[in-house]
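Chemist: Have a look at the structure that comes next, please.
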Amino acid sequence: MTSSPGIPLNTYRLRRRRLMRALKGGVAILPTSLERVRNADTHYPYRWDSHFHYLTGFEEPEAVLVLVGGRHSRSILFCRPRDQERELWEGIRLGPKAAPTRLGVDEAHSIERLDDCIVALLSDVPMVYTFMGEDRRWDERVTGWLARVRSHARSGVMAPSAIHDVRAILDEMRLVKDSHELRIMRHAARISATAHRRAMQVTRPGRHEYEIEAELLHEFCAQGARFPAYPSIVAGGRNGCILHYVENRSLLAEGDLLLIDAGCEYQGYASDITRTFPVNGKFTQAQQDLYEVVLAAQEAAIAAVAPGKPFQVYHEAALKVLVRGLIDLKLCRGTVSGVLESGEYRRFYMHRTGHWLGMDVHDVGAYRVEGRSRPLIPGMVLTVEPGLYVRPGKDVPKAFHHMGIRIEDDVVVTRQGREVLTGSAPKTVRDIEACMETLR
Ligand code: GLY
Ligand code: MN
Ligand code: MN
């Protein structure tokens with residue numbers, strides 16, 4: 001497959017045009033990701049660059065998109081040439097001949113010609129837009145091209161006088177999702193929600209974390225989402241207090257909670273769900289007490305997502321409820337405003353309440369604009385994921401020691417308010433216990 005079937009060809013064309021208009025006569029050079037060796041002659045599963053894919057839908061490695069802005073604007077793809085021998089081993093390549101029809105680009109050439117063509121493309125151009133500071137070899141390659149253009153100065157050629165980071169433009173474009181992207185993201189979210197339900201139904205004391213991880217991956221892959229959007233966190237008991245726990249090797253014990261943070265990538269878009277539930281299917285009173293605080297905080301935060309409101313508002317909404325709960329459960333002392341001010345809650349809640357979600361799980365886009373938390377607008381997608389993580393301490397009630405609880409949903413900002421994409425993964429105490437009951 002060479003392009004994502006969920007996004008029409010014309011959408012890619014419009015995205016490229018929008019970027020070309022923003023170049024103000026400059027030229028953008030956008031490489032896709034490199035293939036990376038895992039060990040010996042085995043590579044990591046290939047994942048293209050999100051920005052590159054956003055503009056092309058093209059999934060092969062060794063490709064560079066050049067966009068020429070200004071009056072003679074055009075799009076040029078450099079990609080791997082057809083090669084019978086290589087294709088026998090590695091699979092079919094699109095090749096430059098078929099690329100214009102299949103991808104809608106104006107021109108395409110073999111990637112082997114990039115070094116030769118680029119000097120002419122960068123001559124008499126005021127500025128270059130590319131990714132800088134991400135990969136040293138790429139930075140050197142670009143500066144090498146500029147040096148070559150400059151070496152033609154005596155024949156009257158003008159070299160670009162500035163290099164801009166093209167991500168500044170693309171991040172903003174990707175931040176607001178269109179209806180095609182939202183359709184894909186809804187689907188990704190549904191697959192992940194099914195996987196979480198499956199995980200709840202197969203969890204038992206005596207199973208290993210990796211057995212539950214296997215069920216998640218099975219569900220993703222069986223529904224056409226071959227890869228998780230990020231390494232799955234399957235954290236039983238005290239492992240739930242390690243925020244990025246990915247070892248997933250421990251036994252699940254009777255009486256413990258299991259925190260699962262897992263989401264698939266579907267057609268290039270991420271989903272990101274966390275659910276926390278009892279290994280034996282029934283919350284203890286202390287587990288339920290702490291869980292209800294996180295759930296109430298999450299619901300308050302979701303309700304605070306609305307167009308026009310600053311991004312940070314839903315974090316603040318979650319925080320207030322968490323702090324109230326921490327005081328009620330004697331994990332913090334004092335008043336809500338006092339604990340908020342002192343930051344004492346950070347012992348138990350040390351991360352933000354969410355992030356942008358899209359092609360990347362921590363998606364692109366600034367959170368602050370002109371020094372202020374940016375207002376939400378319809379089409380933005382974000383996660384809402386408050387949690388509490390209780391490490392033992394002598395002033396910490398014993399009943400809560402080692403509990404790690406997070407609840408995370410994916411939410412789209414709509415004109416009316418919000419749409420929760422991941423709501424079919426059970427999250428109330430009643431729904432979780434009912435879901436876990438079904439296979440018993
Ligand atoms: N799964 C990564 C995160 O929740 O941010
Ligand atoms: Mn997240
Ligand atoms: Mn997550």
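All residue names refer to the structure tokens as shown: chains lettered A, B, ... in order, residues numbered from 1 in each chain, ligands numbered from 1 in order.
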At a cut-off of 6 Å, using only C-alpha atoms, what residues contact range 220-235 of chain A? Leave out same-chain residues fewer than 6 positions from it and give the result as a ChimeraX atom specification.

Modeler: /A:209,245-246,248,258-266,270

Chemist: As a PDB file with N, CA, C and O atoms, in the first residue's frame, please: every protein or nucleic acid residue near ligand 2 (cut-off 9 Å, counting only C-alpha atoms and all ligand atoms).

Modeler:
```pdb
ATOM      1  N   ASP A 261      -2.002   1.307  29.859  1.00  0.00           N
ATOM      2  CA  ASP A 261      -1.992   2.469  28.973  1.00  0.00           C
ATOM      3  C   ASP A 261      -1.564   1.946  27.606  1.00  0.00           C
ATOM      4  O   ASP A 261      -0.388   1.623  27.396  1.00  0.00           O
ATOM      5  N   SER A 271      -4.120   6.333  18.871  1.00  0.00           N
ATOM      6  CA  SER A 271      -5.120   6.423  19.934  1.00  0.00           C
ATOM      7  C   SER A 271      -4.355   6.176  21.231  1.00  0.00           C
ATOM      8  O   SER A 271      -3.250   5.632  21.204  1.00  0.00           O
ATOM      9  N   ASP A 272      -4.925   6.564  22.340  1.00  0.00           N
ATOM     10  CA  ASP A 272      -4.165   6.574  23.595  1.00  0.00           C
ATOM     11  C   ASP A 272      -5.152   6.439  24.757  1.00  0.00           C
ATOM     12  O   ASP A 272      -5.802   7.417  25.125  1.00  0.00           O
ATOM     13  N   ILE A 273      -5.271   5.215  25.276  1.00  0.00           N
ATOM     14  CA  ILE A 273      -6.270   4.960  26.335  1.00  0.00           C
ATOM     15  C   ILE A 273      -5.583   4.397  27.570  1.00  0.00           C
ATOM     16  O   ILE A 273      -4.724   3.529  27.454  1.00  0.00           O
ATOM     17  N   THR A 274      -5.984   4.864  28.743  1.00  0.00           N
ATOM     18  CA  THR A 274      -5.573   4.212  29.988  1.00  0.00           C
ATOM     19  C   THR A 274      -6.810   3.799  30.772  1.00  0.00           C
ATOM     20  O   THR A 274      -7.768   4.578  30.892  1.00  0.00           O
ATOM     21  N   THR A 353      -2.401  16.970  32.574  1.00  0.00           N
ATOM     22  CA  THR A 353      -3.630  16.204  32.372  1.00  0.00           C
ATOM     23  C   THR A 353      -3.824  15.761  30.925  1.00  0.00           C
ATOM     24  O   THR A 353      -4.751  15.015  30.630  1.00  0.00           O
ATOM     25  N   GLY A 354      -2.968  16.181  30.012  1.00  0.00           N
ATOM     26  CA  GLY A 354      -3.147  15.695  28.643  1.00  0.00           C
ATOM     27  C   GLY A 354      -2.235  16.362  27.642  1.00  0.00           C
ATOM     28  O   GLY A 354      -1.397  17.203  27.996  1.00  0.00           O
ATOM     29  N   HIS A 355      -2.397  15.949  26.401  1.00  0.00           N
ATOM     30  CA  HIS A 355      -1.535  16.420  25.313  1.00  0.00           C
ATOM     31  C   HIS A 355      -2.308  16.318  24.003  1.00  0.00           C
ATOM     32  O   HIS A 355      -3.335  15.634  23.933  1.00  0.00           O
ATOM     33  N   TRP A 356      -1.796  16.969  22.977  1.00  0.00           N
ATOM     34  CA  TRP A 356      -2.409  16.830  21.638  1.00  0.00           C
ATOM     35  C   TRP A 356      -2.235  15.396  21.158  1.00  0.00           C
ATOM     36  O   TRP A 356      -1.218  14.739  21.466  1.00  0.00           O
ATOM     37  N   LEU A 357      -3.171  14.934  20.368  1.00  0.00           N
ATOM     38  CA  LEU A 357      -3.120  13.575  19.816  1.00  0.00           C
ATOM     39  C   LEU A 357      -3.369  13.653  18.310  1.00  0.00           C
ATOM     40  O   LEU A 357      -4.220  14.432  17.854  1.00  0.00           O
ATOM     41  N   VAL A 361       1.613  10.210  18.980  1.00  0.00           N
ATOM     42  CA  VAL A 361       0.812  10.113  20.203  1.00  0.00           C
ATOM     43  C   VAL A 361       0.933  11.401  21.027  1.00  0.00           C
ATOM     44  O   VAL A 361      -0.082  11.903  21.528  1.00  0.00           O
ATOM     45  N   HIS A 362       2.138  11.921  21.150  1.00  0.00           N
ATOM     46  CA  HIS A 362       2.273  13.280  21.700  1.00  0.00           C
ATOM     47  C   HIS A 362       2.379  14.155  20.470  1.00  0.00           C
ATOM     48  O   HIS A 362       3.462  14.384  19.937  1.00  0.00           O
ATOM     49  N   LEU A 382      -7.278  15.915  21.788  1.00  0.00           N
ATOM     50  CA  LEU A 382      -6.395  15.886  22.956  1.00  0.00           C
ATOM     51  C   LEU A 382      -6.751  14.711  23.854  1.00  0.00           C
ATOM     52  O   LEU A 382      -7.809  14.096  23.699  1.00  0.00           O
ATOM     53  N   THR A 383      -5.834  14.382  24.763  1.00  0.00           N
ATOM     54  CA  THR A 383      -6.132  13.333  25.742  1.00  0.00           C
ATOM     55  C   THR A 383      -6.482  13.994  27.067  1.00  0.00           C
ATOM     56  O   THR A 383      -6.032  15.105  27.361  1.00  0.00           O
ATOM     57  N   VAL A 384      -7.297  13.284  27.850  1.00  0.00           N
ATOM     58  CA  VAL A 384      -7.619  13.729  29.210  1.00  0.00           C
ATOM     59  C   VAL A 384      -7.244  12.581  30.130  1.00  0.00           C
ATOM     60  O   VAL A 384      -7.868  11.527  30.088  1.00  0.00           O
ATOM     61  N   GLU A 385      -6.174  12.762  30.914  1.00  0.00           N
ATOM     62  CA  GLU A 385      -5.589  11.614  31.611  1.00  0.00           C
ATOM     63  C   GLU A 385      -5.046  11.923  32.996  1.00  0.00           C
ATOM     64  O   GLU A 385      -3.854  11.772  33.266  1.00  0.00           O
ATOM     65  N   GLU A 408      -7.629   7.546  31.067  1.00  0.00           N
ATOM     66  CA  GLU A 408      -7.298   8.399  29.916  1.00  0.00           C
ATOM     67  C   GLU A 408      -8.252   8.155  28.759  1.00  0.00           C
ATOM     68  O   GLU A 408      -8.459   7.013  28.332  1.00  0.00           O
ATOM     69  N   ASP A 409      -8.822   9.231  28.256  1.00  0.00           N
ATOM     70  CA  ASP A 409      -9.670   9.174  27.062  1.00  0.00           C
ATOM     71  C   ASP A 409      -9.176  10.165  26.019  1.00  0.00           C
ATOM     72  O   ASP A 409      -8.437  11.107  26.342  1.00  0.00           O
ATOM     73  N   ASP A 410      -9.599   9.935  24.773  1.00  0.00           N
ATOM     74  CA  ASP A 410      -9.239  10.808  23.652  1.00  0.00           C
ATOM     75  C   ASP A 410     -10.468  11.652  23.296  1.00  0.00           C
ATOM     76  O   ASP A 410     -11.568  11.105  23.142  1.00  0.00           O
TER      77      ASP A 410
END
```

Chemist: From the DSSP assignment of the backbone, select every residue of range 68-159 of chain A that is alpha helix (DSSP H), and format the answer as a PyMOL selection string.

Modeler: chain A and resi 84-90+95-103+114-122+136-150

Chemist: Using CA of Arg198 in chain A and CA of Val381 in chain A as the two end points, give the distance in Å to one decimal.

Modeler: 25.0 Å

Chemist: At a cut-off of 7 Å, using only C-alpha atoms, what residues contact Val119 in chain A? Leave out same-chain residues fewer than 3 positions from it and give the result as a list in words.

Modeler: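 So the residues in contact are Asp116, Leu122, Ser123, Trp145, Arg148 and Val149 of chain A.
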
Chemist: Those selected residues, please, written with N, CA and C atoms and delivered as an mmCIF file, in the first residue's frame.

Modeler:
```cif
data_model
loop_
_atom_site.group_PDB
_atom_site.id
_atom_site.type_symbol
_atom_site.label_atom_id
_atom_site.label_comp_id
_atom_site.auth_asym_id
_atom_site.auth_seq_id
_atom_site.Cartn_x
_atom_site.Cartn_y
_atom_site.Cartn_z
ATOM 1 N N ASP A 116 21.919 15.927 -7.617
ATOM 2 C CA ASP A 116 22.133 16.679 -8.867
ATOM 3 C C ASP A 116 21.062 17.736 -9.087
ATOM 4 N N LEU A 122 17.534 25.092 -5.715
ATOM 5 C CA LEU A 122 17.812 26.067 -4.653
ATOM 6 C C LEU A 122 18.469 27.353 -5.171
ATOM 7 N N SER A 123 18.661 27.421 -6.465
ATOM 8 C CA SER A 123 19.292 28.619 -7.027
ATOM 9 C C SER A 123 18.282 29.755 -7.132
ATOM 10 N N TRP A 145 24.497 21.284 0.352
ATOM 11 C CA TRP A 145 23.801 21.747 -0.863
ATOM 12 C C TRP A 145 23.896 23.271 -0.980
ATOM 13 N N ARG A 148 27.168 24.335 -2.211
ATOM 14 C CA ARG A 148 27.303 24.127 -3.663
ATOM 15 C C ARG A 148 26.590 25.224 -4.452
ATOM 16 N N VAL A 149 25.432 25.649 -3.963
ATOM 17 C CA VAL A 149 24.728 26.740 -4.659
ATOM 18 C C VAL A 149 25.581 28.008 -4.590
#
```

Chemist: CA of Arg93 in chain A and CA of Ala63 in chain A are how many Å apart?

Modeler: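 Atom-to-atom, CA of Arg93 in chain A to CA of Ala63 in chain A, that is 11.4 Å.
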
Chemist: Need the shell around range 4-14 of chain A: protein/DNA/RNA residues with any atom at most 9 Å away, counting only C-alpha atoms. Skip same-chain ones fewer than 6 positions apart. Format as JSON, numbers by chain?

Modeler: {"A": [53, 54, 55, 56, 57, 58, 59, 102, 103, 104, 105, 180, 181, 183, 184, 267, 268]}

Chemist: Can I get the selected residues back with C-alpha atoms, as a PDB file, in the first residue's frame?

Modeler:
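Printed below is out_1.pdb as written:
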```pdb
ATOM      1  CA  HIS A  53       3.282  11.374   5.256  1.00  0.00           C
ATOM      2  CA  TYR A  54       0.877  14.203   6.044  1.00  0.00           C
ATOM      3  CA  LEU A  55       1.898  15.823   2.753  1.00  0.00           C
ATOM      4  CA  THR A  56       2.171  12.732   0.540  1.00  0.00           C
ATOM      5  CA  GLY A  57       0.480   9.644   1.978  1.00  0.00           C
ATOM      6  CA  PHE A  58       3.631   7.864   0.768  1.00  0.00           C
ATOM      7  CA  GLU A  59       4.881   5.016   2.923  1.00  0.00           C
ATOM      8  CA  ARG A 102      -0.810   7.814  -7.670  1.00  0.00           C
ATOM      9  CA  LEU A 103       0.200  10.603  -5.287  1.00  0.00           C
ATOM     10  CA  GLY A 104      -0.859  13.689  -7.215  1.00  0.00           C
ATOM     11  CA  VAL A 105       2.617  15.276  -7.149  1.00  0.00           C
ATOM     12  CA  HIS A 180     -11.205  12.444   7.149  1.00  0.00           C
ATOM     13  CA  GLU A 181      -8.628  12.451   9.911  1.00  0.00           C
ATOM     14  CA  ARG A 183     -12.973   9.418  10.904  1.00  0.00           C
ATOM     15  CA  ILE A 184      -9.701   7.510  11.087  1.00  0.00           C
ATOM     16  CA  GLN A 267      -3.794   4.380   9.156  1.00  0.00           C
ATOM     17  CA  GLY A 268      -1.109   6.584  10.614  1.00  0.00           C
TER      18      GLY A 268
END
```

Chemist: Can you list, as a PyMOL selection string, every protein, DNA or RNA residue that comes within 7 Å of Leu77 in chain A when you count only C-alpha atoms, leaving out same-chain residues fewer than 6 positions away?

Modeler: chain A and resi 64-66+105+107-109

Chemist: Would you please work out which residue, of A:Gly358, A:Thr335, A:Val305, A:Met350, is nearest to Gly417 in chain A when using only C-alpha atoms?

Modeler: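 Of A:Gly358, A:Thr335, A:Val305, A:Met350, the one nearest Gly417 in chain A, counting only C-alpha atoms, is A:Val305.
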
Chemist: Have a look at A:Arg275, A:Lys282, A:Arg74, A:His208 and name the one nearest to Gly255 in chain A; count only C-alpha atoms.

Modeler: A:Lys282
